[in-house]
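Okay, structure first, notes after.
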Amino acid sequence: MATVAAQPDYGQLVASIRETVDEVIRPNAERIDREGVFPSENLQALADKGWNSLIIPTDYDGLGLDYTAFALAAEEIGKGCPSTSLIYVMHVGAAQTLVYYGTEDQKQRWLKPVRRGAIGTHSMSEKATGGHTWFNLSEAKRDGEDYILDLEKSFTTSGGHADFYVLQTRTPGAQQPTDLSYFIVDGKDPGITAGPWEALGVRGNQSGPLKLDNVRVPRADLLVGENRAIEIAFNGVDPLYLLGIGSAWIGVASEALSIVVERVKRTVHRDFNRSLADYQVIRQQLANAKIGLSALKPWQLSLAEKYNRYEAEGRPLGELWYEATEFKIHATEVANQVVSVAMDVTGGYGYKKGTIERLYRDVRAGLVLAPSNHLARELVGKELVGQPPELFTQGGE
């Protein structure tokens with residue numbers, strides 16, 4: 001595990017990220033949604049300030065900050081553009097997986113360019129196994145010391161735009177479903193093609209299918225070793241992703257609540273000269289939204305601090321997998337409730353194409369992002385009653 005720098009000034013950090021969000025990211029959000037374009041300008045603006053390298057150690061040109069900083073950054077970016085925040089979370093998770101498990105050569109080659117704007121992401125899911133993203137049917141082939149990947153992934157955030165993919169597939173000659181390996185795949189390889197991303201919301205994150213046509217991966221870009229994917233996913237890929245998605249969706253909910261409160265205060269019905277804020281039913285809905293959102297913040301900070309403590313103690317972050325999953329479930333569901341209230345209390349204004357309508361579409365993604373909340377809740381329930389998750393055996397969830 002990499003060490004982090006002394007505790008940062010979180011207030012100053014938030015103010016700095018918020019400046020980038022206000023100046024660049026939020027102004028681009030409507031266009032990104034309307035045109036369905038990848039938010040390259042937003043990501044470069046984050047990289048220019050070092051935020052894309054937030055928790056990468058300083059040895060690899062990162063800022064060397066901690067998980068609290070990451071959670072707060074994901075939240076602030078989520079306020080400006082949910083598509084950008086999702087890309088950001090996947091990128092930070094992919095990069096940090098290399099911090100945990102990469103060789104020195106891999107870190108030098110793949111992490112140092114991040115400071116200049118290189119983007120990484122995960123690639124796991126396959127159409128045939130749906131939401132069971134951990135279960136792959138594709139399989140790498142051997143070519144001497146190297147590997148050949150001839151496969152298709154179903155949902156890969158930043159597909160066609162990432163500079164590197166941390167990709168999971170079966171090990172050559174796999175004998176059982178758990179024989180899985182991770183490879184670092186060069187995003188510039190000509191054998192990689194990304195399918196279209198035509199979605200309800202988060203329309204800028206380009207999470208369509210990703211096809212690899214006889215892509216050669218040198219043995220130098222096998223991550224750790226063969227058949228280590230379960231360990232890498234549980235302790236590296238998943239924890240960062242779960243904390244990040246929950247935090248980003250706190251940001252989405254905060255943005256929606258802020259917008260709707262201002263709308264409610266300034267909208268006046270001239271027949272009786274009453275603002276929307278004068279209606280008890282509206283105030284109570286807003287209060288419920290605020291209460292749900294307020295309850296999330298202490299959990300976010302407490303969980304992030306646990307990540308910091310576990311890393312300092314040399315304990316694997318996978319020990320927090322179930323709590324992080326619970327956090328993702330609750331954060332995404334509260335965000336959906338908050339944005340639904342925003343849509344409801346603004347009536348026809350909210351229903352029209354615009355910021356609230358966009359956030360209503362964007363926020364839905366959190367419920368189905370792997371592990372989907374239905375599936376995740378079942379896994380948490382099994383853990384609670386002492387039953388195995390059965391991820392690779394029939395019976396499962």
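The chains in the structure tokens are called A, B, ... from first to last as shown; in each chain the residues are counted from 1, and the ligands are counted from 1 in the order shown.
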
message: Env of region 327-333 of chain A: 8 Å cut, atoms = only C-alpha atoms, seq-sep filter 3 positions within chain, self excluded. Answer as a PyMOL selection string.
response: chain A and resi 242-243+245-247+249-250+296+299-300+323-324+336-337+363+366-367+373+376-377

Selected residues written out, N, CA and C atoms, as a short mmCIF file (atom, residue, chain, number, x, y, z; two decimals), in the first residue's frame:
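As a result, out-v7.cif now contains:
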data_model
loop_
_atom_site.label_atom_id
_atom_site.label_comp_id
_atom_site.auth_asym_id
_atom_site.auth_seq_id
_atom_site.Cartn_x
_atom_site.Cartn_y
_atom_site.Cartn_z
N LEU A 242 -16.74 2.17 -4.96
CA LEU A 242 -17.94 2.27 -4.11
C LEU A 242 -17.95 3.56 -3.31
N LEU A 243 -16.82 3.93 -2.73
CA LEU A 243 -16.73 5.19 -2.00
C LEU A 243 -16.95 6.37 -2.96
N ILE A 245 -18.52 6.49 -6.01
CA ILE A 245 -19.87 6.62 -6.58
C ILE A 245 -20.83 7.18 -5.53
N GLY A 246 -20.75 6.66 -4.31
CA GLY A 246 -21.62 7.19 -3.27
C GLY A 246 -21.38 8.68 -3.06
N SER A 247 -20.13 9.09 -3.06
CA SER A 247 -19.79 10.49 -2.85
C SER A 247 -20.25 11.35 -4.02
N TRP A 249 -22.72 10.83 -5.97
CA TRP A 249 -24.19 10.96 -5.97
C TRP A 249 -24.66 11.85 -4.81
N ILE A 250 -23.89 11.97 -3.76
CA ILE A 250 -24.18 12.99 -2.75
C ILE A 250 -24.10 14.37 -3.40
N LEU A 296 -26.26 11.39 5.18
CA LEU A 296 -25.21 10.73 4.40
C LEU A 296 -23.83 11.30 4.67
N TRP A 299 -21.56 9.71 7.30
CA TRP A 299 -21.17 8.36 6.88
C TRP A 299 -20.06 8.44 5.84
N GLN A 300 -20.21 9.32 4.88
CA GLN A 300 -19.18 9.49 3.86
C GLN A 300 -17.81 9.77 4.49
N GLU A 323 -19.50 -2.55 3.97
CA GLU A 323 -19.94 -1.22 4.39
C GLU A 323 -19.93 -0.25 3.21
N ALA A 324 -18.90 -0.35 2.37
CA ALA A 324 -18.84 0.53 1.20
C ALA A 324 -20.00 0.25 0.25
N ASN A 336 -31.68 9.64 -5.60
CA ASN A 336 -32.88 9.50 -6.42
C ASN A 336 -34.10 10.10 -5.75
N GLN A 337 -34.20 9.94 -4.43
CA GLN A 337 -35.33 10.52 -3.70
C GLN A 337 -35.28 12.04 -3.75
N VAL A 363 -29.36 10.78 -12.42
CA VAL A 363 -29.28 10.16 -11.10
C VAL A 363 -29.75 8.71 -11.13
N GLY A 366 -27.23 5.64 -10.88
CA GLY A 366 -26.65 5.13 -9.65
C GLY A 366 -27.28 3.85 -9.16
N LEU A 367 -28.55 3.66 -9.46
CA LEU A 367 -29.26 2.46 -8.99
C LEU A 367 -28.80 1.19 -9.71
N ASN A 373 -28.35 -2.04 -7.16
CA ASN A 373 -28.78 -2.00 -5.76
C ASN A 373 -29.54 -3.23 -5.31
N ALA A 376 -26.80 -5.83 -4.88
CA ALA A 376 -25.93 -5.45 -3.77
C ALA A 376 -26.62 -5.67 -2.43
N ARG A 377 -27.89 -5.34 -2.37
CA ARG A 377 -28.64 -5.52 -1.13
C ARG A 377 -28.71 -7.01 -0.75
#

query: When DSSP works through the backbone of this structure, what residues of region 36-276 of chain A end up as alpha helix (DSSP H), shown as a ChimeraX atom specification?
result: /A:40-48,67-80,82-101,104-110,229-232,238-266

Mind running region 304-362 of chain A against region 255-276 of chain A at 8 Å and telling me each contacting residue's nearest atom pair with the distance in Å (one decimal), counting only C-alpha atoms, chain and number ascending, as JSON lines?
{"residue": "A:Val338", "atom": "CA", "partner": "A:Leu257", "partner_atom": "CA", "distance": 6.7}
{"residue": "A:Val339", "atom": "CA", "partner": "A:Ala256", "partner_atom": "CA", "distance": 5.9}
{"residue": "A:Ala342", "atom": "CA", "partner": "A:Val260", "partner_atom": "CA", "distance": 5.6}
{"residue": "A:Val345", "atom": "CA", "partner": "A:Val264", "partner_atom": "CA", "distance": 7.8}
{"residue": "A:Thr346", "atom": "CA", "partner": "A:Val260", "partner_atom": "CA", "distance": 7.1}
{"residue": "A:Ile356", "atom": "CA", "partner": "A:Ala256", "partner_atom": "CA", "distance": 6.7}
{"residue": "A:Leu359", "atom": "CA", "partner": "A:Ala256", "partner_atom": "CA", "distance": 7.1}

For those residues, write all heavy atoms to a file as an mmCIF file, in the first residue's frame.
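Heads up, here's the output in result_30.cif:
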data_model
loop_
_atom_site.group_PDB
_atom_site.id
_atom_site.type_symbol
_atom_site.label_atom_id
_atom_site.label_comp_id
_atom_site.auth_asym_id
_atom_site.auth_seq_id
_atom_site.Cartn_x
_atom_site.Cartn_y
_atom_site.Cartn_z
ATOM 1 N N VAL A 338 -34.092 12.598 -3.561
ATOM 2 C CA VAL A 338 -33.943 14.056 -3.561
ATOM 3 C C VAL A 338 -34.301 14.640 -4.920
ATOM 4 O O VAL A 338 -35.034 15.628 -5.021
ATOM 5 C CB VAL A 338 -32.508 14.459 -3.165
ATOM 6 C CG1 VAL A 338 -32.285 15.958 -3.382
ATOM 7 C CG2 VAL A 338 -32.219 14.087 -1.713
ATOM 8 N N VAL A 339 -33.789 14.024 -5.986
ATOM 9 C CA VAL A 339 -34.062 14.548 -7.327
ATOM 10 C C VAL A 339 -35.531 14.333 -7.705
ATOM 11 O O VAL A 339 -36.122 15.153 -8.413
ATOM 12 C CB VAL A 339 -33.098 13.945 -8.366
ATOM 13 C CG1 VAL A 339 -33.394 14.491 -9.750
ATOM 14 C CG2 VAL A 339 -31.652 14.260 -7.990
ATOM 15 N N ALA A 342 -37.257 17.177 -6.198
ATOM 16 C CA ALA A 342 -36.997 18.373 -7.005
ATOM 17 C C ALA A 342 -37.907 18.411 -8.232
ATOM 18 O O ALA A 342 -38.473 19.461 -8.571
ATOM 19 C CB ALA A 342 -35.536 18.405 -7.437
ATOM 20 N N VAL A 345 -41.744 19.081 -6.841
ATOM 21 C CA VAL A 345 -42.158 20.383 -6.316
ATOM 22 C C VAL A 345 -42.022 21.505 -7.346
ATOM 23 O O VAL A 345 -42.626 22.574 -7.172
ATOM 24 C CB VAL A 345 -41.382 20.750 -5.035
ATOM 25 C CG1 VAL A 345 -41.567 19.695 -3.969
ATOM 26 C CG2 VAL A 345 -39.914 20.997 -5.315
ATOM 27 N N THR A 346 -41.269 21.272 -8.417
ATOM 28 C CA THR A 346 -41.162 22.303 -9.465
ATOM 29 C C THR A 346 -42.186 22.113 -10.572
ATOM 30 O O THR A 346 -42.266 22.931 -11.486
ATOM 31 C CB THR A 346 -39.747 22.333 -10.065
ATOM 32 O OG1 THR A 346 -39.383 21.017 -10.518
ATOM 33 C CG2 THR A 346 -38.727 22.807 -9.039
ATOM 34 N N ILE A 356 -33.027 20.305 -13.993
ATOM 35 C CA ILE A 356 -33.673 19.337 -13.103
ATOM 36 C C ILE A 356 -34.039 18.072 -13.858
ATOM 37 O O ILE A 356 -33.825 16.947 -13.373
ATOM 38 C CB ILE A 356 -34.902 19.966 -12.424
ATOM 39 C CG1 ILE A 356 -34.457 21.084 -11.479
ATOM 40 C CG2 ILE A 356 -35.697 18.912 -11.658
ATOM 41 C CD1 ILE A 356 -35.581 21.852 -10.839
ATOM 42 N N LEU A 359 -30.820 16.116 -14.394
ATOM 43 C CA LEU A 359 -30.369 15.444 -13.178
ATOM 44 C C LEU A 359 -31.264 14.260 -12.820
ATOM 45 O O LEU A 359 -30.787 13.236 -12.317
ATOM 46 C CB LEU A 359 -30.323 16.436 -12.010
ATOM 47 C CG LEU A 359 -29.260 17.534 -12.109
ATOM 48 C CD1 LEU A 359 -29.385 18.496 -10.940
ATOM 49 C CD2 LEU A 359 -27.860 16.950 -12.185
#

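The residue that comes closest to Leu151 (chain A), out of A:Ser125, A:Thr84, A:Thr133, A:Gln7 and on the basis of only C-alpha atoms, is A:Ser125.
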
message: At a cut-off of 6 Å, using only C-alpha atoms, what residues contact region 230-236 of chain A? Leave out same-chain residues fewer than 6 positions from it and give the result as a ChimeraX atom specification.
response: /A:97,316-318

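Residue nearest Tyr182 (chain A), chosen from A:Ala253, A:Ala289, A:Leu149, A:Ala162 and counting only C-alpha atoms: A:Leu149.
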
query: Counting only C-alpha atoms, which of A:Leu86, A:Ala128, A:Ile32, A:Val224 gets nearest to Val99 (chain A)?
result: A:Val224
